[in-house]
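Written out below as structure tokens is the structure these notes cover.
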Amino acid sequence: MKRILVWFGFFALLPFAAAQRLPELAVPENYKLSFAPDFQKDNFEGEETISVRVLKTTPEIVLNSAEIEFQEATISSGETTQQAKITLDRQKETATLAFSTPVNAGPAKIHIKYTGILNNELRGLYLGKDRDGRKYAVTQFEATDARRAFPSFDEPGYKATFDVSVVAEDGMVAISNGKVLSDTAGPGEAKHTVTFTTTAKMSSYLVALAVGHFESVEGEADGIQIRVWGPPGTKQNDGYALEVSEWCMKYFNQYFGIQYPFEKLDMIGLPDFSAGAMENTGFITYRQAELQLDDQHASVELRKRVAVVIAHEMAHQWFGDLVTMRWWDDIWLNEGFASWMETKAVGAWKPEWHFELEDVEDTTASLNSDSLRNTRPIHQAAETPAEIQELFDGIAYDKAASVLRMLEAYLGPERFRAGVNQYLTEHSYGNATADDFWRTLAKVSKEPVDKIMPTFVQQPGAPMVSVRTQCLGGSTVVTLSQRRYFSDRRMFEAGSKELWQVPVCVKEGGEGETGHEKCVLLTKKEESVTLPGCGSWVMANAGAHGYYRSGYSSDAIRAMGRSLEHELTQSERIVLLGDSWASVRVGEQQIGDYLALAEGVRSDRTRAVLSQVTAKLEYISNYLVSDADRQEYEQWVRRLLTPVAAELGWQPKAGESDETKSLRARVLHTLGYAGRDPDAIAKARQLTERALQDPASIDSTVAFTAFSLAAENGDAILYDKVMTKLQSRGSSLESYYLYFQTLSKFHDPKLLRRTLDYAVSPAVRSQDTLGMIAAVMRNFAGAKLAWDFVRMHWPEIEKIGGGFTSAEVVAATGVFCDAEMHEQVRSFFAQHDVPTAERTLKLSLESIHNCTDLKSQQTPELSTWLQQKGSASGK
């Protein structure tokens, strides 16, 4: 499953059952499932036969079931068929089928007739509507919602085959995991029955079904049929997704050495969908905006996003579907591997997008979130559905992918690939654990993978590897020491007991005989390594593959700063900037050291490098600059960025790269936002006004920058124009979400209040409501307003969220940066429990505390540095 990064999904909103694993009484082997949705009553009739293997003589069998009304249930064993007495436990989401005569061990068949609801909660078998109001029914089962569509052994370890059939209205299409085996008229008038082929062995959460008015385009790769589906009138936007999926199919077949293990691949874009996408076996479901696009006019970022989401879900067909984790505590085996593989596939297709640098950016971002005291280990116990749902976080996706990239670099790409493919071969169509994975890699590579990986998977956080150097007899003795890095300054100073086995590569540079590199496995708190020659600095993450922070003295940072552009690779520059900022956060360096480093990359035109700088400049503008220093800081930002902005301009040039287009968007926004550059602000308003009249008049990649700057400085007249465009029909999905997101960027409180009111109105799809509220909260000018709105409208927000608010709203409270807001957030959620966001709340409170501490420590230092810069420039 792919998470929504900006407009967060709806799947974590709802009340969940208490802990309950099924008793080990029987194992399913096959389900025969029949569904008959009724779009007049918004419910469905279901019938199923589960072929099971009873493990021991038992008077009862327990299934998962939720919001299902049983009509009858029987079990047949041998020559005997008997009725079951059904006892429901709504809290545990189970149905116990009790029999008057115990059922003996061996094969048996459970037959159930039942009805269910087509809910509006975007889970189970739920009801959606397209833009023209046509209803459709579709499934979303991960993690624990197959039980809402059919009584089942709804745990990932219970793999079985599935035979699915659907009774649909004439004119409606039915799509499922298997190919269509038959499509016959009836039963009754205006109905037809679609029967699908038997699936491969798979877990219940991977079953999928869609019934509605859809259209498709079709292609193939390596003999596998691929179809891309969407609502009527949208198939002209399917071509890009088809092209990406055909490439990925060939790439994965070649990389894994295992041909695509299912008989076809359908993909569908849905107007109402919770997550970004879901990797159902042979039938991947997507939020419509994550699949369909106008390839002639789409922004670079959207084309990259759609390609990555497709690659992620297709990688799951091997990691997650062919081989599935045994239990949810190893969900990282699914999501981490798919996240690791997604950029590998798309990067091979579009090398000019430089995903090798985005991987380093992702690792840096993951290290930031992993520096909090309340982070979790990659492997995390979880029993209740709420606990399971909270595992779908940045640790399972981004940290796991980063650790895998480090391991791949340590072993070498080919040895790593050989181990991965051996793992897939050994566990095909079955279940596996983390232990299975790293034992296989250790066996294949003959390296201590089974010793390294547990230190990164089974304990939280990440190490900082600090560097001390000494020149002795013409050689450099490098002393490496490790300790857990906390962004909480006091916790970092106090230290902790964790110890990692860290693959570290060091690189020597600066004056003298340099350029030497050496890689070691750091297994102790402190170890030394010797390099020939005596340079002026040693970098502790050469190649930028490591999942750790590096700690340097201010002198070493300044020395590396002088070598940035001619001795450090682009990846290493990203790492150095991130490590310097991490040291600033805990007082190991001053903010001036970081800003001097930022000045050192002013002539760099690498998007990923400059994006690291621009993001921090906006953070500093929001939180660390005092009112007295505001003007001086803005002048410094303008001096730093105006040359590159002038070089880039607002309009793309013939033949320029996609990376340059993306760089333009980042630099110009920071120049206007943190630098308050009047020319940038005026140009943004001009381009926005023109684009509202003619969307084709602006490059789509810079459009969000222009609209954001215009909104941040905008008035009610502009707001009304954006709202009018949002509510008009005919806009592309990308344009719709451009207007939608722009509403959260205004700074006028009255306009932001209108945005918040709009967010909870029927005009906004439920999947987008809480994301819009969170976006206003993440707007520095609207944070307090949105927080007050959340508190005032809590019952309404709970209703939209089905009983619990989204983890996204809780996470957004981490934008605050003062003690009073820390107490408000803590107090409010102490009285309003959010089971799916317990850890998220702790992380948010910790972020508020850390920001408050950073402001107290570095705001005076920033003031001093700005004064010195002003004096040096003659002001």
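In the structure tokens, the first chain shown is A, the next is B, and so on; residue numbers restart at 1 for each chain, and ligands run from 1 in the order shown.
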
DSSP-assigned alpha helix (DSSP H) members of segment 517-618 of chain A, reported as a ChimeraX atom specification: /A:554-562,564-567,570-585,591-599,607-618

All residues 9 Å or closer to segment 213-222 of chain A, only C-alpha atoms, same chain fewer than 2 positions away omitted, as an MDAnalysis selection string: chainID A and resid 134:136 171:174 211 224:236 238:239 242:243 245:250 253 259:260 268

Would you save the residues from that selection as a PDB file, in the first residue's frame, using C-alpha atoms?
```pdb
ATOM      1  CA  ARG A 134     -22.543   7.284 -10.792  1.00  0.00           C
ATOM      2  CA  LYS A 135     -22.167   4.787  -7.976  1.00  0.00           C
ATOM      3  CA  TYR A 136     -19.612   2.021  -7.866  1.00  0.00           C
ATOM      4  CA  GLY A 171     -23.711  -1.983 -18.302  1.00  0.00           C
ATOM      5  CA  MET A 172     -21.503  -2.305 -15.247  1.00  0.00           C
ATOM      6  CA  VAL A 173     -18.032  -3.796 -15.403  1.00  0.00           C
ATOM      7  CA  ALA A 174     -16.729  -6.231 -12.787  1.00  0.00           C
ATOM      8  CA  VAL A 211     -18.159  -3.130  -9.824  1.00  0.00           C
ATOM      9  CA  ILE A 224       1.158 -10.424 -19.543  1.00  0.00           C
ATOM     10  CA  GLN A 225      -2.066  -8.523 -20.261  1.00  0.00           C
ATOM     11  CA  ILE A 226      -2.129  -5.074 -18.598  1.00  0.00           C
ATOM     12  CA  ARG A 227      -5.233  -2.906 -18.436  1.00  0.00           C
ATOM     13  CA  VAL A 228      -5.603   0.575 -16.928  1.00  0.00           C
ATOM     14  CA  TRP A 229      -9.143   1.482 -15.830  1.00  0.00           C
ATOM     15  CA  GLY A 230     -10.899   4.673 -14.799  1.00  0.00           C
ATOM     16  CA  PRO A 231     -14.314   6.353 -14.758  1.00  0.00           C
ATOM     17  CA  PRO A 232     -16.085   6.896 -18.091  1.00  0.00           C
ATOM     18  CA  GLY A 233     -14.552   9.659 -20.196  1.00  0.00           C
ATOM     19  CA  THR A 234     -11.080   9.451 -18.631  1.00  0.00           C
ATOM     20  CA  LYS A 235      -9.227   6.791 -20.593  1.00  0.00           C
ATOM     21  CA  GLN A 236      -7.320   9.440 -22.560  1.00  0.00           C
ATOM     22  CA  ASP A 238      -4.431   6.238 -18.974  1.00  0.00           C
ATOM     23  CA  GLY A 239      -1.612   6.095 -21.507  1.00  0.00           C
ATOM     24  CA  LEU A 242       0.196   1.946 -19.153  1.00  0.00           C
ATOM     25  CA  GLU A 243       3.643   2.943 -20.403  1.00  0.00           C
ATOM     26  CA  SER A 245       3.524  -0.406 -15.988  1.00  0.00           C
ATOM     27  CA  GLU A 246       4.794  -2.076 -19.160  1.00  0.00           C
ATOM     28  CA  TRP A 247       8.323  -0.897 -18.355  1.00  0.00           C
ATOM     29  CA  CYS A 248       8.082  -2.010 -14.728  1.00  0.00           C
ATOM     30  CA  MET A 249       6.759  -5.434 -15.671  1.00  0.00           C
ATOM     31  CA  LYS A 250       9.800  -6.106 -17.852  1.00  0.00           C
ATOM     32  CA  ASN A 253      10.763  -9.858 -14.378  1.00  0.00           C
ATOM     33  CA  GLN A 259       8.363 -14.065 -14.098  1.00  0.00           C
ATOM     34  CA  TYR A 260       5.335 -12.105 -12.954  1.00  0.00           C
ATOM     35  CA  ILE A 268      -7.875   1.176 -11.661  1.00  0.00           C
TER      36      ILE A 268
END
```

Distance criterion (only C-alpha atoms): nearest to Ala66 of chain A out of A:Leu531, A:Val167, A:Ala409, A:Leu88: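 Ranking A:Leu531, A:Val167, A:Ala409, A:Leu88 by distance to Ala66 of chain A, first place goes to A:Leu88.
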
Two-atom distance - atom CA of Tyr594 of chain A, atom CA of Gly533 of chain A (Å): 27.9 Å

Close residues, Ala494 of chain A itself excluded, 12 Å, only C-alpha atoms, min 4 positions apart in chain, as a ChimeraX atom specification: /A:483-486,488-490,586

Near-segment 551-557 of chain A list (10 Å; only C-alpha atoms; drop same-chain fewer than 2 positions) as JSON, numbers by chain: {"A": [464, 465, 466, 467, 468, 469, 480, 481, 482, 485, 536, 537, 538, 539, 540, 548, 549, 559, 560, 561, 562, 563, 576, 577, 579, 580, 582, 583, 588, 589, 590, 593, 594, 596, 597]}

Keeping C-alpha atoms for every residue in the selection just given, could you write it to a file as a PDB file, in the first residue's frame?
```pdb
ATOM      1  CA  MET A 464      25.576   9.240  14.998  1.00  0.00           C
ATOM      2  CA  VAL A 465      29.087   8.237  13.966  1.00  0.00           C
ATOM      3  CA  SER A 466      31.448  10.954  15.207  1.00  0.00           C
ATOM      4  CA  VAL A 467      34.839  11.528  13.637  1.00  0.00           C
ATOM      5  CA  ARG A 468      38.142  12.552  15.231  1.00  0.00           C
ATOM      6  CA  THR A 469      41.349  12.610  13.214  1.00  0.00           C
ATOM      7  CA  LEU A 480      35.014   6.555  14.894  1.00  0.00           C
ATOM      8  CA  SER A 481      32.600   6.532  17.810  1.00  0.00           C
ATOM      9  CA  GLN A 482      28.885   5.817  17.830  1.00  0.00           C
ATOM     10  CA  TYR A 485      21.331  10.467  17.865  1.00  0.00           C
ATOM     11  CA  SER A 536      42.335  18.405   6.190  1.00  0.00           C
ATOM     12  CA  TRP A 537      39.126  16.435   6.681  1.00  0.00           C
ATOM     13  CA  VAL A 538      37.624  12.943   6.759  1.00  0.00           C
ATOM     14  CA  MET A 539      34.014  12.258   5.791  1.00  0.00           C
ATOM     15  CA  ALA A 540      32.340   9.382   7.599  1.00  0.00           C
ATOM     16  CA  TYR A 548      23.423   7.089  10.254  1.00  0.00           C
ATOM     17  CA  ARG A 549      24.319  10.635  11.134  1.00  0.00           C
ATOM     18  CA  ALA A 559      37.107  22.497   5.739  1.00  0.00           C
ATOM     19  CA  MET A 560      34.618  20.262   3.926  1.00  0.00           C
ATOM     20  CA  GLY A 561      32.666  23.349   2.960  1.00  0.00           C
ATOM     21  CA  ARG A 562      35.694  24.599   1.055  1.00  0.00           C
ATOM     22  CA  SER A 563      35.780  21.275  -0.847  1.00  0.00           C
ATOM     23  CA  LEU A 576      26.802  16.774   4.750  1.00  0.00           C
ATOM     24  CA  LEU A 577      24.077  19.416   4.788  1.00  0.00           C
ATOM     25  CA  ASP A 579      24.499  16.112   9.192  1.00  0.00           C
ATOM     26  CA  SER A 580      25.399  19.744   9.800  1.00  0.00           C
ATOM     27  CA  ALA A 582      21.484  17.619  12.861  1.00  0.00           C
ATOM     28  CA  SER A 583      24.501  18.925  14.794  1.00  0.00           C
ATOM     29  CA  GLU A 588      27.153  20.545  18.538  1.00  0.00           C
ATOM     30  CA  GLN A 589      27.438  23.289  15.916  1.00  0.00           C
ATOM     31  CA  GLN A 590      26.044  26.804  15.647  1.00  0.00           C
ATOM     32  CA  ASP A 593      28.125  26.924  10.544  1.00  0.00           C
ATOM     33  CA  TYR A 594      25.152  25.558   8.641  1.00  0.00           C
ATOM     34  CA  ALA A 596      28.037  29.181   5.843  1.00  0.00           C
ATOM     35  CA  LEU A 597      27.791  25.691   4.376  1.00  0.00           C
TER      36      LEU A 597
END
```

Selection near segment 678-686 of chain A, 12 Å with only C-alpha atoms, sequence-local residues under 2 positions removed, as a PyMOL selection string: chain A and resi 634-635+638+641-642+645-646+649-651+664-665+667-676+688-693+697-698+702-715+717-719

Counting only C-alpha atoms, which residues in segment 110-135 of chain A sit no more than 12 Å from segment 68-82 of chain A? For each one, give the nearest pair of atoms and the distance in Å, sorted by chain then residue number, as a tab-separated table.
```
residue	atom	partner	partner_atom	distance
A:Ile110	CA	A:Ile75	CA	4.4
A:His111	CA	A:Thr74	CA	5.2
A:Ile112	CA	A:Ala73	CA	4.4
A:Lys113	CA	A:Gln71	CA	5.4
A:Tyr114	CA	A:Phe70	CA	4.4
A:Thr115	CA	A:Glu69	CA	5.3
A:Gly116	CA	A:Ile68	CA	5.0
A:Ile117	CA	A:Ile68	CA	7.7
A:Leu118	CA	A:Ile68	CA	10.9
A:Asn119	CA	A:Ile68	CA	11.7
A:Gly124	CA	A:Ile68	CA	10.9
A:Leu125	CA	A:Ile68	CA	11.2
```

Separation of atom CA of Lys344 of chain A from atom CA of Arg417 of chain A, in Å and rounded to one decimal: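 So the answer is 12.2 Å.
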
Distance query Ala400 of chain A at most 10 Å, only C-alpha atoms, self and fewer than 4 positions along chain excluded, as a VMD selection string: chain A and resid 332 to 340 363 366 377 to 379 394 to 396 404 to 406 456 to 457 547

For the residues in the current selection, export C-alpha atoms as a PDB file, in the first residue's frame.
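Saved as again-v2.pdb:
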```
ATOM      1  CA  TRP A 332       8.286  -3.624   6.611  1.00  0.00           C
ATOM      2  CA  LEU A 333       9.079  -6.738   4.566  1.00  0.00           C
ATOM      3  CA  ASN A 334       6.276  -5.563   2.280  1.00  0.00           C
ATOM      4  CA  GLU A 335       6.520  -1.796   2.413  1.00  0.00           C
ATOM      5  CA  GLY A 336      10.252  -1.348   2.906  1.00  0.00           C
ATOM      6  CA  PHE A 337      11.083  -3.590  -0.034  1.00  0.00           C
ATOM      7  CA  ALA A 338       8.535  -1.930  -2.324  1.00  0.00           C
ATOM      8  CA  SER A 339       9.840   1.517  -1.315  1.00  0.00           C
ATOM      9  CA  TRP A 340      13.422   0.381  -1.949  1.00  0.00           C
ATOM     10  CA  THR A 363      17.241   8.727   3.927  1.00  0.00           C
ATOM     11  CA  SER A 366      13.876   9.370   7.566  1.00  0.00           C
ATOM     12  CA  PRO A 377      11.896  -0.006  15.778  1.00  0.00           C
ATOM     13  CA  ILE A 378      11.257  -1.293  12.273  1.00  0.00           C
ATOM     14  CA  HIS A 379      10.030  -4.559  13.779  1.00  0.00           C
ATOM     15  CA  GLY A 394       7.569   6.328   7.709  1.00  0.00           C
ATOM     16  CA  ILE A 395       9.506   3.688   9.636  1.00  0.00           C
ATOM     17  CA  ALA A 396       7.942   0.784   7.708  1.00  0.00           C
ATOM     18  CA  LEU A 404      17.999  -1.938   2.663  1.00  0.00           C
ATOM     19  CA  ARG A 405      19.897   0.513   0.453  1.00  0.00           C
ATOM     20  CA  MET A 406      22.719   0.582   3.007  1.00  0.00           C
ATOM     21  CA  PHE A 456      18.808  -1.625  12.708  1.00  0.00           C
ATOM     22  CA  VAL A 457      15.499  -3.530  12.692  1.00  0.00           C
ATOM     23  CA  TYR A 547      21.766   4.992   7.565  1.00  0.00           C
TER      24      TYR A 547
END
```

Proximity to Pro102 of chain A - best of A:Lys56, A:Cys519, A:Ser369, A:Val306, only C-alpha atoms: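 Of the candidates, the smallest distance to Pro102 of chain A is held by A:Lys56.
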
Point-to-point distance from atom CA of Gln501 of chain A to atom CA of Pro454 of chain A, Å rounded to tenths: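 Between these atoms lies a distance of 8.9 Å.
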
For the contact check between segment 170-225 of chain A and segment 21-30 of chain A, emit one row per residue of segment 170-225 of chain A within 10 Å, containing the shortest atom pair and the distance in Å rounded to one decimal, counting only C-alpha atoms, chain then rising number order, as JSON lines.
```
{"residue": "A:Thr198", "atom": "CA", "partner": "A:Asn30", "partner_atom": "CA", "distance": 9.1}
{"residue": "A:Thr199", "atom": "CA", "partner": "A:Asn30", "partner_atom": "CA", "distance": 9.4}
{"residue": "A:Lys201", "atom": "CA", "partner": "A:Glu29", "partner_atom": "CA", "distance": 8.4}
{"residue": "A:Met202", "atom": "CA", "partner": "A:Asn30", "partner_atom": "CA", "distance": 9.9}
```

Got time to write the residues from that selection, all heavy atoms, as an mmCIF file, in the first residue's frame?
```cif
data_model
loop_
_atom_site.group_PDB
_atom_site.id
_atom_site.type_symbol
_atom_site.label_atom_id
_atom_site.label_comp_id
_atom_site.auth_asym_id
_atom_site.auth_seq_id
_atom_site.Cartn_x
_atom_site.Cartn_y
_atom_site.Cartn_z
ATOM 1 N N THR A 198 -9.694 -19.020 -10.812
ATOM 2 C CA THR A 198 -9.147 -19.239 -9.470
ATOM 3 C C THR A 198 -7.832 -18.490 -9.320
ATOM 4 O O THR A 198 -6.961 -18.530 -10.191
ATOM 5 C CB THR A 198 -8.907 -20.735 -9.237
ATOM 6 O OG1 THR A 198 -10.128 -21.444 -9.469
ATOM 7 C CG2 THR A 198 -8.428 -20.998 -7.818
ATOM 8 N N THR A 199 -7.695 -17.809 -8.204
ATOM 9 C CA THR A 199 -6.472 -17.033 -7.960
ATOM 10 C C THR A 199 -5.341 -17.945 -7.518
ATOM 11 O O THR A 199 -5.543 -19.117 -7.167
ATOM 12 C CB THR A 199 -6.691 -15.990 -6.853
ATOM 13 O OG1 THR A 199 -6.815 -16.663 -5.584
ATOM 14 C CG2 THR A 199 -7.930 -15.159 -7.113
ATOM 15 N N LYS A 201 -2.481 -18.702 -4.565
ATOM 16 C CA LYS A 201 -2.601 -18.717 -3.115
ATOM 17 C C LYS A 201 -2.209 -17.348 -2.580
ATOM 18 O O LYS A 201 -1.134 -16.832 -2.897
ATOM 19 C CB LYS A 201 -1.675 -19.799 -2.557
ATOM 20 C CG LYS A 201 -2.009 -20.271 -1.167
ATOM 21 C CD LYS A 201 -1.099 -21.443 -0.795
ATOM 22 C CE LYS A 201 -1.378 -21.903 0.624
ATOM 23 N NZ LYS A 201 -0.424 -22.977 1.005
ATOM 24 N N MET A 202 -3.087 -16.739 -1.754
ATOM 25 C CA MET A 202 -2.814 -15.384 -1.269
ATOM 26 C C MET A 202 -3.573 -15.124 0.025
ATOM 27 O O MET A 202 -4.471 -15.885 0.417
ATOM 28 C CB MET A 202 -3.194 -14.352 -2.330
ATOM 29 C CG MET A 202 -4.669 -14.304 -2.671
ATOM 30 S SD MET A 202 -4.994 -13.172 -4.048
ATOM 31 C CE MET A 202 -6.785 -13.067 -3.971
#
```

Best match for closeness to His316 of chain A among A:Gly592, A:Gly543, A:Gly578, A:Gly282, counting only C-alpha atoms: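 Looking only at the distances to His316 of chain A, the closest residue turns out to be A:Gly282.
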
Close residues, segment 146-150 of chain A itself excluded, 9 Å, only C-alpha atoms, min 4 positions apart in chain, as a PyMOL selection string: chain A and resi 33+35+44+46-48+63-68+93-94+114-117+123-126+139-142+154+204-207
